[in-house]
Structure formats: C-alpha cells, structure tokens
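Novice: So here's query-v3.cif (mmCIF, C-alpha atoms).
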```
data_my_file
loop_
_atom_site.label_atom_id
_atom_site.label_comp_id
_atom_site.auth_asym_id
_atom_site.auth_seq_id
_atom_site.Cartn_x
_atom_site.Cartn_y
_atom_site.Cartn_z
CA MET G 1199 -0.38 162.36 105.83
CA THR G 1200 2.35 164.46 107.43
CA ALA G 1201 4.32 166.72 105.11
CA ALA G 1202 8.08 166.15 104.86
CA PRO G 1203 10.14 168.10 107.40
CA LEU G 1204 11.52 171.38 106.07
CA THR G 1205 14.94 172.86 106.57
CA ILE G 1206 14.26 176.57 106.84
CA ALA G 1207 16.83 179.35 106.55
CA VAL G 1208 16.02 182.55 108.40
CA THR G 1209 17.88 185.87 108.50
CA GLY G 1210 17.72 188.73 110.99
CA LEU G 1211 19.31 187.14 114.06
CA ASN G 1212 20.21 190.57 115.46
CA ALA G 1213 17.92 190.32 118.48
CA THR G 1214 19.21 193.52 120.06
CA ASP G 1215 17.27 196.31 121.80
CA ASN G 1216 16.00 197.16 118.30
CA PRO G 1217 15.53 193.56 117.30
CA GLY G 1218 15.57 192.00 113.90
CA PRO G 1219 12.62 189.66 113.33
CA GLY G 1220 14.59 186.43 112.83
CA VAL G 1221 14.39 185.10 116.37
CA GLY G 1222 10.64 185.76 116.50
CA VAL G 1223 10.16 183.98 113.17
CA ILE G 1224 12.20 180.98 114.33
CA ARG G 1225 10.36 180.73 117.64
CA ALA G 1226 7.06 180.75 115.75
CA LEU G 1227 8.25 178.03 113.36
CA ARG G 1228 9.41 175.86 116.23
CA ALA G 1229 6.18 176.46 118.14
CA HIS G 1230 4.09 174.87 115.41
CA PRO G 1231 3.02 171.34 116.38
CA ASP G 1232 3.95 170.01 112.92
CA PHE G 1233 7.48 171.39 112.97
CA GLN G 1234 10.07 168.63 112.63
CA GLY G 1235 12.74 170.23 110.54
CA ARG G 1236 15.91 172.13 110.99
CA ILE G 1237 16.63 175.84 111.26
CA VAL G 1238 19.55 177.47 109.51
CA GLY G 1239 20.36 180.95 110.75
CA LEU G 1240 21.91 183.43 108.33
CA ALA G 1241 23.70 186.15 110.28
CA TYR G 1242 25.68 189.27 109.38
CA ASP G 1243 27.67 189.75 112.57
CA SER G 1244 29.41 187.22 114.78
CA LEU G 1245 27.74 188.78 117.83
CA ASP G 1246 24.18 188.65 116.52
CA PRO G 1247 22.46 187.29 119.64
CA GLY G 1248 20.28 184.79 117.75
CA ILE G 1249 23.41 182.87 116.72
CA TYR G 1250 23.82 181.74 120.31
CA ALA G 1251 20.20 180.73 120.92
CA HIS G 1252 21.18 177.08 120.92
CA ASP G 1253 17.67 175.76 121.37
CA LEU G 1254 16.41 177.74 118.36
CA VAL G 1255 19.03 177.55 115.62
CA ASP G 1256 20.65 174.30 114.44
CA ASP G 1257 23.23 175.81 112.09
CA VAL G 1258 24.44 179.35 111.60
CA PHE G 1259 26.37 180.87 108.72
CA LEU G 1260 27.80 184.34 108.45
CA MET G 1261 26.72 186.14 105.30
CA PRO G 1262 28.25 189.09 103.48
CA TYR G 1263 26.12 192.23 103.71
CA PRO G 1264 23.88 192.61 100.64
CA SER G 1265 25.66 195.93 100.03
CA GLN G 1266 28.75 193.90 99.06
CA GLY G 1267 27.00 192.92 95.86
CA LEU G 1268 24.71 190.28 94.46
CA ALA G 1269 27.55 188.02 93.32
CA ALA G 1270 29.14 187.76 96.78
CA PHE G 1271 25.76 187.18 98.42
CA SER G 1272 24.65 184.60 95.89
CA THR G 1273 27.96 182.71 96.04
CA ARG G 1274 27.76 182.52 99.83
CA LEU G 1275 24.14 181.36 99.75
CA ALA G 1276 25.09 178.58 97.33
CA GLU G 1277 27.97 177.61 99.66
CA VAL G 1278 25.62 177.48 102.64
CA HIS G 1279 23.15 175.40 100.64
CA GLY G 1280 26.01 173.05 99.77
CA ARG G 1281 26.87 172.63 103.45
CA VAL G 1282 23.31 172.35 104.78
CA PRO G 1283 20.73 172.04 102.00
CA PHE G 1284 17.70 174.13 102.93
CA ASP G 1285 14.23 174.00 101.41
CA VAL G 1286 13.02 177.54 102.01
CA VAL G 1287 14.42 180.87 103.06
CA ILE G 1288 12.59 183.58 105.02
CA PRO G 1289 14.47 186.88 104.77
CA THR G 1290 13.42 189.30 107.50
CA LEU G 1291 15.39 192.52 106.98
CA ASP G 1292 14.26 195.39 104.75
CA ALA G 1293 17.68 196.00 103.24
CA GLU G 1294 18.16 192.42 102.07
CA ILE G 1295 14.71 191.80 100.58
CA PRO G 1296 15.61 193.27 97.13
CA THR G 1297 18.61 190.94 96.99
CA PHE G 1298 16.45 187.91 97.74
CA ILE G 1299 13.91 189.08 95.15
CA ASP G 1300 16.70 189.30 92.57
CA LEU G 1301 17.95 185.86 93.53
CA GLU G 1302 14.53 184.17 93.56
CA PRO G 1303 14.92 182.44 90.13
CA GLN G 1304 18.42 181.28 91.01
CA LEU G 1305 17.27 179.99 94.38
CA ARG G 1306 14.45 178.14 92.67
CA THR G 1307 16.90 176.28 90.47
CA LEU G 1308 18.70 175.20 93.64
CA GLY G 1309 15.40 173.92 95.01
CA ILE G 1310 15.06 176.74 97.54
CA GLY G 1311 11.62 178.28 97.87
CA SER G 1312 10.77 181.77 99.06
CA PHE G 1313 7.56 183.77 99.27
CA LEU G 1314 8.31 187.36 98.37
CA PRO G 1315 6.76 190.26 96.48
CA SER G 1316 8.01 191.42 93.09
CA GLN G 1317 10.55 194.24 92.99
CA GLU G 1318 7.82 196.48 91.58
CA LEU G 1319 5.59 195.79 94.58
CA PHE G 1320 8.49 196.18 96.96
CA ASP G 1321 9.10 199.66 95.51
CA LEU G 1322 5.40 200.56 95.56
CA ARG G 1323 5.17 200.09 99.33
CA SER G 1324 8.28 202.20 99.98
CA LYS G 1325 7.77 205.27 102.11
CA ALA G 1326 8.40 207.47 99.08
CA HIS G 1327 5.34 206.02 97.32
CA LEU G 1328 3.01 205.91 100.31
CA ALA G 1329 0.61 208.53 98.94
CA HIS G 1330 0.27 206.65 95.64
CA LEU G 1331 -0.26 203.41 97.52
CA GLY G 1332 -2.97 205.10 99.59
CA GLU G 1333 -4.72 206.26 96.41
CA ILE G 1334 -4.81 202.90 94.70
CA ALA G 1335 -5.91 201.09 97.88
CA ASN G 1336 -8.32 203.85 98.91
CA ILE G 1337 -6.61 204.26 102.28
CA ASN G 1338 -5.93 207.54 104.08
CA THR G 1339 -2.27 208.46 104.33
CA PRO G 1340 -0.64 211.40 106.09
CA ALA G 1341 0.72 214.16 103.83
CA THR G 1342 4.14 212.96 102.69
CA ARG G 1343 6.97 214.67 100.79
CA VAL G 1344 10.03 212.99 99.33
CA ILE G 1345 13.14 214.99 100.20
CA ALA G 1346 16.22 214.62 98.05
CA ASP G 1347 17.96 217.85 99.10
CA PRO G 1348 17.98 219.55 102.52
CA ASN G 1349 16.86 222.80 100.87
CA ASP G 1350 13.59 221.03 99.99
CA LEU G 1351 12.82 221.15 103.71
CA ARG G 1352 12.82 224.96 103.62
CA GLN G 1353 10.17 224.80 100.89
CA LEU G 1354 7.86 222.87 103.22
CA GLU G 1355 7.10 225.96 105.34
CA GLY G 1356 3.36 226.39 105.17
CA LYS G 1357 2.83 223.06 103.36
CA LEU G 1358 3.60 220.63 106.18
CA GLU G 1359 2.89 221.79 109.70
CA TYR G 1360 5.41 221.28 112.48
CA PRO G 1361 5.93 219.00 114.23
CA PHE G 1362 6.31 216.42 111.46
CA TRP G 1363 8.40 213.28 111.00
CA VAL G 1364 11.62 212.89 109.07
CA LYS G 1365 11.97 209.24 108.10
CA GLY G 1366 14.84 207.22 106.65
CA ALA G 1367 14.44 205.17 103.48
CA TYR G 1368 14.52 201.90 105.44
CA TYR G 1369 14.39 202.65 109.15
CA GLY G 1370 14.38 205.53 111.56
CA ALA G 1371 12.00 208.37 112.25
CA THR G 1372 12.64 211.65 114.06
CA GLU G 1373 10.00 214.14 115.09
CA VAL G 1374 11.11 217.66 114.17
CA HIS G 1375 9.76 220.97 115.39
CA ASP G 1376 11.47 223.49 113.10
CA VAL G 1377 13.50 223.61 109.92
CA HIS G 1378 16.82 223.39 111.79
CA GLU G 1379 15.81 220.14 113.47
CA ALA G 1380 14.45 218.92 110.15
CA ILE G 1381 17.75 219.54 108.33
CA ALA G 1382 19.75 217.91 111.13
CA ALA G 1383 17.45 214.86 111.01
CA TYR G 1384 17.75 214.78 107.20
CA HIS G 1385 21.54 214.53 107.38
CA GLN G 1386 21.36 211.84 110.07
CA MET G 1387 19.00 209.75 107.92
CA VAL G 1388 21.09 210.20 104.77
CA ALA G 1389 24.26 209.21 106.63
CA LYS G 1390 22.60 206.06 107.90
CA TRP G 1391 20.24 204.97 105.14
CA GLY G 1392 20.96 207.13 102.09
CA VAL G 1393 18.40 209.04 100.06
CA PRO G 1394 15.54 209.56 99.72
CA VAL G 1395 14.38 210.91 103.04
CA ILE G 1396 10.69 211.30 103.74
CA ALA G 1397 8.94 214.17 105.50
CA GLN G 1398 5.60 213.02 106.84
CA ALA G 1399 2.86 214.89 108.68
CA GLY G 1400 2.22 213.68 112.20
CA VAL G 1401 -1.12 212.09 113.09
CA ASP G 1402 -2.12 212.20 116.73
CA GLY G 1403 -3.74 209.05 117.96
CA ASP G 1404 -3.10 205.41 118.70
CA GLU G 1405 -0.65 203.42 116.60
CA ILE G 1406 -1.80 199.99 115.52
CA ASP G 1407 0.48 197.50 113.81
CA VAL G 1408 -0.67 194.47 111.86
CA VAL G 1409 1.42 191.43 111.06
CA ALA G 1410 -0.06 189.97 107.91
CA VAL G 1411 0.62 187.73 104.94
CA GLY G 1412 -0.64 188.29 101.41
CA ASP G 1413 -1.14 185.38 99.01
CA GLY G 1414 0.12 187.27 95.96
CA GLU G 1415 -3.28 187.10 94.26
CA GLY G 1416 -5.06 189.82 96.18
CA GLY G 1417 -6.07 187.72 99.14
CA MET G 1418 -5.01 187.83 102.77
CA VAL G 1419 -3.68 184.60 104.26
CA GLY G 1420 -4.04 185.99 107.76
CA ALA G 1421 -3.50 189.05 109.92
CA VAL G 1422 -3.09 189.82 113.61
CA PRO G 1423 -3.39 193.47 114.67
CA MET G 1424 -1.53 194.60 117.77
CA ARG G 1425 -1.56 197.70 119.92
CA LYS G 1426 1.71 198.51 121.64
CA ARG G 1427 1.43 198.75 125.40
CA LEU G 1428 5.03 199.61 126.24
CA LEU G 1429 7.67 201.36 124.14
CA THR G 1430 11.45 201.53 124.36
CA ASP G 1431 13.22 204.87 124.13
CA LYS G 1432 13.57 204.11 120.40
CA GLY G 1433 9.81 203.81 120.12
CA LYS G 1434 9.95 200.05 119.60
CA GLY G 1435 7.23 197.92 121.11
CA TRP G 1436 8.36 196.11 124.25
CA ALA G 1437 4.88 194.87 125.08
CA GLY G 1438 1.75 194.64 122.99
CA ILE G 1439 -1.70 193.10 122.87
CA ALA G 1440 -3.62 191.41 120.07
CA ILE G 1441 -6.79 193.32 119.19
CA ARG G 1442 -9.67 192.88 116.77
CA ASP G 1443 -11.31 195.73 114.95
CA PRO G 1444 -13.32 195.10 111.76
CA GLU G 1445 -12.13 198.42 110.28
CA ILE G 1446 -8.48 197.45 110.69
CA GLU G 1447 -9.14 194.08 109.10
CA GLU G 1448 -10.98 195.76 106.23
CA LEU G 1449 -8.11 198.20 105.66
CA SER G 1450 -5.63 195.33 105.63
CA ARG G 1451 -7.77 193.42 103.12
CA ARG G 1452 -7.99 196.50 100.89
CA TYR G 1453 -4.22 196.77 100.92
CA PHE G 1454 -3.77 193.17 99.78
CA ALA G 1455 -6.60 193.37 97.23
CA ALA G 1456 -5.15 196.54 95.68
CA THR G 1457 -1.51 195.46 95.59
CA LYS G 1458 -1.63 191.65 95.38
CA TRP G 1459 1.17 191.68 97.92
CA ARG G 1460 2.97 188.34 98.19
CA GLY G 1461 4.56 187.39 101.46
CA PRO G 1462 4.71 188.75 104.99
CA CYS G 1463 4.50 192.40 105.92
CA GLU G 1464 3.80 194.73 108.79
CA ILE G 1465 1.11 197.33 108.20
CA GLU G 1466 1.59 200.35 110.46
CA MET G 1467 -1.40 202.59 110.89
CA MET G 1468 -2.64 205.29 113.21
CA ARG G 1469 -6.18 205.74 114.45
CA SER G 1470 -6.59 209.50 114.76
CA GLN G 1471 -8.43 211.08 117.64
CA SER G 1472 -11.42 211.52 115.32
CA GLY G 1473 -11.40 207.76 114.75
CA GLU G 1474 -10.04 207.62 111.17
CA LEU G 1475 -7.39 205.09 110.24
CA HIS G 1476 -4.29 206.42 108.45
CA LEU G 1477 -1.74 204.16 106.81
CA LEU G 1478 1.74 205.16 108.01
CA GLU G 1479 3.99 202.56 106.50
CA ILE G 1480 4.24 199.05 105.08
CA ASN G 1481 7.28 197.10 106.20
CA PRO G 1482 8.05 194.38 103.64
CA ARG G 1483 8.78 191.60 106.12
CA PHE G 1484 7.72 190.13 109.42
CA PRO G 1485 7.96 192.48 112.40
CA ALA G 1486 10.11 191.48 115.38
CA TRP G 1487 6.94 190.86 117.40
CA CYS G 1488 5.59 188.28 114.93
CA TYR G 1489 5.84 185.50 117.52
CA LEU G 1490 2.64 187.00 118.95
CA SER G 1491 0.82 185.66 115.88
CA ALA G 1492 1.85 182.12 116.86
CA GLY G 1493 1.09 182.79 120.51
CA ALA G 1494 -2.37 184.03 119.59
CA GLY G 1495 -3.05 180.95 117.49
CA MET G 1496 -2.44 182.24 113.95
CA ASN G 1497 1.08 181.11 113.13
CA LEU G 1498 1.95 183.36 110.18
CA PRO G 1499 5.69 182.48 109.96
CA TRP G 1500 4.69 178.83 109.68
CA ALA G 1501 2.21 179.76 106.92
CA VAL G 1502 4.95 181.57 104.99
CA ALA G 1503 7.30 178.59 105.31
CA GLN G 1504 4.58 176.34 103.87
CA LEU G 1505 3.79 178.75 101.03
CA ALA G 1506 7.49 179.12 100.24
CA ALA G 1507 7.69 175.33 100.02
CA GLY G 1508 4.87 175.39 97.46
CA ARG G 1509 2.29 173.99 99.85
CA ASP G 1510 -1.28 175.25 100.09
CA VAL G 1511 -2.34 177.31 103.09
CA ALA G 1512 -6.00 178.08 103.65
CA PRO G 1513 -6.84 181.64 104.73
CA MET G 1514 -6.75 181.95 108.51
CA HIS G 1515 -9.30 183.96 110.45
CA GLU G 1516 -9.15 183.00 114.10
CA TYR G 1517 -6.74 184.20 116.76
CA GLU G 1518 -7.02 184.93 120.43
CA VAL G 1519 -7.82 188.58 121.03
CA GLY G 1520 -6.18 189.94 124.18
CA LYS G 1521 -3.13 187.68 123.92
CA MET G 1522 -0.11 189.77 124.87
CA PHE G 1523 3.62 189.73 124.39
CA VAL G 1524 6.01 191.21 126.91
CA ARG G 1525 9.60 191.20 125.70
CA ILE G 1526 12.47 190.19 127.97
CA SER G 1527 16.13 191.02 127.84
CA LEU G 1528 18.42 188.33 129.17
CA ASP G 1529 22.05 187.31 129.02
CA GLN G 1530 22.95 184.16 127.12
CA ILE G 1531 26.00 182.28 128.32
CA VAL G 1532 28.16 181.39 125.32
CA SER G 1533 31.08 179.00 125.14
CA LEU G 1534 34.26 180.41 123.67
CA SER G 1535 34.31 177.53 121.18
CA ASP G 1536 30.95 178.63 119.73
CA PHE G 1537 32.20 182.19 119.33
CA GLU G 1538 35.46 180.89 117.88
CA SER G 1539 33.61 178.74 115.38
CA ILE G 1540 31.45 181.57 114.04
CA ALA G 1541 34.25 184.17 114.16
CA ALA G 1542 36.98 182.00 112.64
CA THR G 1543 35.06 179.78 110.23
CA GLY G 1544 31.87 181.74 109.65
CA GLU G 1545 29.70 178.83 110.66
CA LEU G 1546 28.43 177.01 113.72
CA HIS G 1547 26.67 173.65 113.86
CA ARG G 1548 24.76 172.10 116.71
CA CYS G 1549 24.15 168.85 114.92
CA THR G 1550 25.83 167.18 111.99
CA PRO G 1551 25.23 168.97 108.68
CA GLY G 1552 23.08 166.73 106.53
CA ASP G 1553 21.19 165.30 109.48
CA ALA G 1554 17.84 166.91 108.75
CA SER G 1555 15.89 165.24 111.54
CA MET O 329 -32.27 201.22 123.95
CA THR O 330 -29.78 200.02 121.35
CA ILE O 331 -26.79 198.41 122.96
CA PRO O 332 -23.59 199.56 121.22
CA GLN O 333 -21.51 196.78 119.64
CA LYS O 334 -18.42 197.97 121.51
CA LEU O 335 -20.24 197.54 124.80
CA ARG O 336 -21.35 194.06 123.77
CA ASP O 337 -17.77 193.14 122.82
CA LEU O 338 -16.16 194.57 125.94
CA ALA O 339 -14.52 191.74 127.89
CA ILE O 340 -15.47 191.98 131.57
CA SER O 341 -14.00 189.68 134.18
CA GLU O 342 -15.46 188.94 137.60
CA THR O 343 -12.63 190.92 139.18
CA GLY O 344 -13.69 194.07 137.34
CA PHE O 345 -10.89 193.94 134.77
CA LEU O 346 -12.14 195.34 131.46
CA PHE O 347 -10.54 194.76 128.05
CA ASP O 348 -11.54 196.69 124.94
CA PRO O 349 -10.74 194.28 122.06
CA TYR O 350 -10.93 197.11 119.49
CA THR O 351 -8.13 199.17 121.01
CA GLY O 352 -6.32 196.89 123.45
CA SER O 353 -7.05 199.29 126.29
CA THR O 354 -7.69 197.88 129.74
CA PHE O 355 -9.57 199.35 132.68
CA SER O 356 -10.65 198.47 136.18
CA ALA O 357 -14.17 198.81 137.55
CA ASN O 358 -15.42 198.38 141.09
CA GLU O 359 -18.53 196.40 141.97
CA PRO O 360 -21.02 199.25 141.47
CA GLY O 361 -19.29 200.00 138.14
CA LEU O 362 -19.71 196.37 137.10
CA THR O 363 -23.37 196.55 138.07
CA VAL O 364 -23.83 199.59 135.83
CA LEU O 365 -22.00 197.89 132.94
CA GLU O 366 -24.10 194.75 133.30
CA GLY O 367 -27.25 196.86 133.34
CA LEU O 368 -26.21 198.75 130.23
CA ARG O 369 -25.45 195.49 128.45
CA GLU O 370 -28.92 194.26 129.36
CA GLY O 371 -30.35 197.41 127.79
CA LEU O 372 -31.58 198.93 131.06
CA GLY O 373 -32.10 202.68 131.39
CA VAL O 374 -30.61 204.94 134.05
CA ALA O 375 -33.59 204.62 136.41
CA ASP O 376 -33.58 200.80 136.32
CA ILE O 377 -29.82 200.67 136.83
CA ALA O 378 -30.10 203.08 139.76
CA THR O 379 -32.78 200.86 141.30
CA ARG O 380 -30.55 197.84 140.94
CA LEU O 381 -27.68 199.71 142.59
CA ARG O 382 -29.92 200.70 145.53
CA GLU O 383 -31.00 197.07 145.90
CA SER O 384 -27.48 195.68 145.68
CA PHE O 385 -25.48 198.14 147.75
CA ASP O 386 -25.84 200.09 150.96
CA VAL O 387 -26.68 203.43 149.34
CA PRO O 388 -27.35 206.51 151.53
CA ALA O 389 -30.91 207.72 151.10
CA ALA O 390 -29.76 211.17 149.98
CA ALA O 391 -27.45 209.85 147.27
CA ASP O 392 -28.26 210.91 143.71
CA VAL O 393 -27.68 207.50 142.15
CA GLU O 394 -29.15 208.48 138.77
CA ARG O 395 -26.58 211.25 138.48
CA ASP O 396 -23.78 208.82 139.43
CA VAL O 397 -24.91 206.42 136.70
CA GLY O 398 -24.90 209.33 134.24
CA GLU O 399 -21.36 210.23 135.25
CA PHE O 400 -20.26 206.63 134.79
CA VAL O 401 -21.76 206.59 131.28
CA HIS O 402 -19.90 209.84 130.58
CA LEU O 403 -16.70 208.12 131.69
CA LEU O 404 -17.43 205.24 129.31
CA ARG O 405 -17.89 207.75 126.47
CA ARG O 406 -14.65 209.52 127.32
CA SER O 407 -12.83 206.17 127.38
CA GLY O 408 -14.20 205.25 123.97
CA LEU O 409 -16.13 202.28 125.30
CA VAL O 410 -19.46 203.60 124.01
CA PRO O 411 -20.08 206.00 121.10
CA GLU O 412 -20.22 209.75 121.76
CA GLU O 413 -23.95 209.80 121.01
CA PHE O 414 -24.76 206.97 123.44
CA THR O 415 -27.20 207.71 126.25
CA ALA O 416 -28.61 205.25 128.72
#
```
Go ahead and render the structure in this file as structure tokens.

Specialist:
Amino acid sequence: MTAAPLTIAVTGLNATDNPGPGVGVIRALRAHPDFQGRIVGLAYDSLDPGIYAHDLVDDVFLMPYPSQGLAAFSTRLAEVHGRVPFDVVIPTLDAEIPTFIDLEPQLRTLGIGSFLPSQELFDLRSKAHLAHLGEIANINTPATRVIADPNDLRQLEGKLEYPFWVKGAYYGATEVHDVHEAIAAYHQMVAKWGVPVIAQAGVDGDEIDVVAVGDGEGGMVGAVPMRKRLLTDKGKGWAGIAIRDPEIEELSRRYFAATKWRGPCEIEMMRSQSGELHLLEINPRFPAWCYLSAGAGMNLPWAVAQLAAGRDVAPMHEYEVGKMFVRISLDQIVSLSDFESIAATGELHRCTPGDAS
Amino acid sequence: MTIPQKLRDLAISETGFLFDPYTGSTFSANEPGLTVLEGLREGLGVADIATRLRESFDVPAAADVERDVGEFVHLLRRSGLVPEEFTA
C-alpha cells in the first residue's frame, strides 16, 4: 500500500556560494520514487535563490527571522499552514533549529510533524561543549577553549599552539597565527554570531564529513561519509566523493549511541596524519551537500520526512561508494511577476493552494 | 603473504584508474603498475611479480625489475594504499 502524499515544508533556500541546505533537501525528497507530494519553501529573503527554482518548490512563503521572536515566527508559521496545510517541516539552518524545537508541541497540535533533537541535546553538540561530547561518546576532540572575552585569548599562550582556529557560535572559522589575528577574528565572530567564540587546536590531516540521521533512541538510521575533493575560497565543499571506512561508521554510531541524537546532522571529523579520527564539530541539520546521500542510494532527507510524519524507517546500510557530487553555479531566469509576488505579498504559488497532488 | 584489506578493497578499473574507498583518493596506474597491483592482490611476492612483468612486457635484460616492484610498493605505502609495515 502506498503511503499518503506528504506536503513538506523546508527552510534554507539560500542556495548561494555558501549554500543553505534547503535546495539539497528538496532535490533529495523529489528524487525519491515514492514522492508524490508538495513542497513548501520557507524563505527569509526575497532573493533566496531556491524561491525561484520552479521545478523544485510549489509554494514559497517569506518568514520573519527567528531573531524577531518566537511569537512572530509561530504566528507566521500558523498563517502559512492556514494557506497551504503541510504535514511535516524540515528546518535546515542552525540558527532556527532552537525555534523549531520550542515550537514542536505547538506544531504537533496543528498536525505538523518534525524530527528534531531536544534543546538539551542541541546544546550538548554546540562547539562550546565539544570536549564534553567527546568524553561521553569516547571520541577524540581537538583541544578547545570557550572564549567570552578577547583577553582570554592572551591567556592561551602556551596552552594552545598557533596556528589554531577561532570559530563562531554557529558558523565561521578563521585560522589565526598570533594573538593579534586571534583577537581580530574574535571580534569578527562576535559581530556576526555573538558569543561565545571557540578557540580550537588545528589538526593536520584529511577532513571527512558525514551526513547522518539519528533515531532518537541511540540508533543510526543511516550515514554517508564524504571526502571533499574541491573547496571554495570559503572552505566549502564544491565537489566531494562518498567513501566507506569502518572506523568512520563506528565513530558515527558511537556518537548516536552516546547522545541519542534525534534527526539529521553533519558530523565533521579530521583524520590526522597518524591516522586517528578527531571529532571537529556536529552541525545540527542536514549539510548543503545532502543530495549526495540520495544520489548514492541512501536518501536521508526522505527518511527524515517519513520519520517526521510518524512513519517507520528501517536502518539503512547500503550506498554507492565513489558516487560524487560536483556543484554548479548557474543563473536562473525569473519573471518579474514572481519577484513581485514574493516581495509584495510574501508568498509565491506555482499551483493552487490546497491542491496537494 | 597477508593481503591488506585496503588493497583488497581498492577499486581498480581496466583503464588504470584507482579509487581508495576509505579516503576518496584517486590515482592512475600504467599497465606495469596494474600488473604489480594484480600480483599483490593475488598474494604474489616480489620475485613472482617481477617474473610476470618480464613475461608481459618488453623488459631490457639489464633492468632491475625486483627493485622497481619494491619502489612501486613504497609508493603504495606513501599513498596510504597499503599499511606502513606491508612488504611484498
């Protein structure tokens, strides 16, 4: 028996040169052979490129930034749901995940499912708690210090060797070679992302990123590790290849077993030149390259949509090793009426609202 | 000789394109290189691989084929395709 089609809301349509994951998630959902539903895009800016991907997104609504408060966000979500009722929502941006966690009970009463970690778990995987996370999951982590005052950086002399990384609370990482660079990077991160800022020892080696989903009970629904083959000047992966390494899989399993993480995440790790794996970071959402999971035969966004809808998903093990992604940048041609619709009314529809087929 | 798991798992195409599934690294090998890799995966030692190379290719009589095989194995070690302690 075929399950009922789902209307799925997805955020993160900012497919720029530092792309949000929304477009990758939507492409994966649409690539699944059982997909018959409708995609609602939730955007924050009228020029988010994913808004204009007409073959991907059926309806788009502009949202207030989560920083404008829970009430404004929740009111707008309820409005959107009133216009185009959606069954599940997949948030994809770090800064909005706490808002969706807060709203989970309210969304449930509206009949909207999501598959997210608790706030406690969300905090545990933050960069500031990486060392603690490493301890409870028995995973190596680079030496990390939480910096709340630029003078703290002066105290690191002799404790953290240069060069090290100064990282923002949500995004951003700058390699620094002396205390002056470190303080400058601190102020840049605070201006952009607020406190705390993290100072983290560098690990030389190969970075490996894993897109994975935890079932919330300590199990791993599935995971696809990827090695970047081409980077942008911002260090973002522009090409990558699916790999398989039992040690990476084991580390990922340990993470889920120790935390009981619920939902998608990206596990960033480094294999040092001596061969040890070090956990660098856990991103609490799908990475922008998550379409590779679908391309390699393990469609993790689809799995999350099913889980968010309360459907069972069996653990997935198989994917095609060696499958690659190579990103492309292209210009979409947009009609003025589409831009007018999103800019003037905050919404854009490519089929009649309410027509869920 | 124990054949390392990484060597067993190495994807080798007929064109000499090599893919290490553990790291995502890719390499190219020429025909003699492929012959050495195939020999190693069959568990052959240096002498047997050198014999196979002499039989398969037009090798000058003075060539030190055993040494060339040793250098190729060293290259595999350096590329992480066999463990550091691996010897053929």

Novice: On this structure, which residues satisfy the PyMOL selection byres ((chain O and resi 371) around 8), written as an NGL selection string?

Specialist: :O and (329-331 or 367-370 or 372-373)

Novice: Determine the residue set returned by the PyMOL selection byres ((chain G) within 9 of (chain O)) for the present structure, and present it as a list in words.

Specialist: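 Checking the PyMOL selection byres ((chain G) within 9 of (chain O)) against this file, the residues are Asp1404, Ile1406, Met1424, Arg1425, Lys1426, Arg1427, Gly1438, Ile1439, Ala1440, Ile1441, Arg1442, Asp1443, Pro1444, Val1519 and Gly1520 of chain G.
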
Novice: Print the selection's residues with C-alpha atoms to a file, as a short mmCIF file (atom, residue, chain, number, x, y, z; two decimals), in the coordinates of the input.

Specialist:
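Listing of result_38.cif after writing:
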```cif
data_model
loop_
_atom_site.label_atom_id
_atom_site.label_comp_id
_atom_site.auth_asym_id
_atom_site.auth_seq_id
_atom_site.Cartn_x
_atom_site.Cartn_y
_atom_site.Cartn_z
CA ASP G 1404 -3.10 205.41 118.70
CA ILE G 1406 -1.80 199.99 115.52
CA MET G 1424 -1.53 194.60 117.77
CA ARG G 1425 -1.56 197.70 119.92
CA LYS G 1426 1.71 198.51 121.64
CA ARG G 1427 1.43 198.75 125.40
CA GLY G 1438 1.75 194.64 122.99
CA ILE G 1439 -1.70 193.10 122.87
CA ALA G 1440 -3.62 191.41 120.07
CA ILE G 1441 -6.79 193.32 119.19
CA ARG G 1442 -9.67 192.88 116.77
CA ASP G 1443 -11.31 195.73 114.95
CA PRO G 1444 -13.32 195.10 111.76
CA VAL G 1519 -7.82 188.58 121.03
CA GLY G 1520 -6.18 189.94 124.18
#
```

Novice: Which residues are near G:Phe1454? Cut-off 12 Å, all atoms listed in the file, ignore same chain within fewer than 2 positions. Put them as a PyMOL selection string.

Specialist: chain G and resi 1315+1319+1323+1331-1332+1334-1337+1410-1421+1447-1452+1456-1465+1480

Novice: Set the distance at 7 Å and use all atoms listed in the file: which residues neighbour stretch 1543-1546 of chain G once local chain neighbours fewer than 5 positions away are removed? I'd like the list as a list in words.

Specialist: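 My list of contacting residues is Asp1257, Val1258, Phe1259, Leu1260 and Asp1536 of chain G.
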
Novice: Where does the PyMOL selection byres ((chain G and resi 1272-1280) around 8) land in this file, that is, which residues does it pick, as an MDAnalysis selection string?

Specialist: chainID G and resid 1259 1261:1262 1268:1271 1281:1284 1301

Novice: Between O:Phe355, O:Ala378, O:Val410, O:Leu335, which residue has the minimum interatomic distance to O:Glu394, considering all atoms listed in the file?

Specialist: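 Between O:Phe355, O:Ala378, O:Val410, O:Leu335, the residue approaching O:Glu394 most closely is O:Ala378.
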
Novice: So how many Å separate atom CA of G:Arg1509 and atom CA of G:Val1238, to one decimal?

Specialist: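 These atoms are spaced 20.1 Å apart.
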
Novice: Tell me, in Å to one decimal, how far atom CA of G:Phe1313 is from atom CA of G:Val1408.

Specialist: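 If I compute the distance from atom CA of G:Phe1313 to atom CA of G:Val1408, I get 18.5 Å.
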
Novice: Find the distance between atom CA of G:Lys1357 and atom CA of G:Ile1446 and write it in Å to one decimal.

Specialist: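 That distance, rounded to one decimal, is 28.9 Å.
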
Novice: Need to verify the contact set: O:Arg395, 12 Å, all atoms listed in the file, exclusion of same-chain residues closer than 4 positions in sequence. Can you return it as a ChimeraX atom specification?

Specialist: /O:374-375,377-378,390-391,399-402,416

Novice: Neighbours of G:Gly1508 within 12 Å (only C-alpha atoms; same-chain residues fewer than 6 positions away dropped), as a PyMOL selection string?

Specialist: chain G and resi 1201+1204+1285-1286+1306+1309-1313+1413+1501-1502
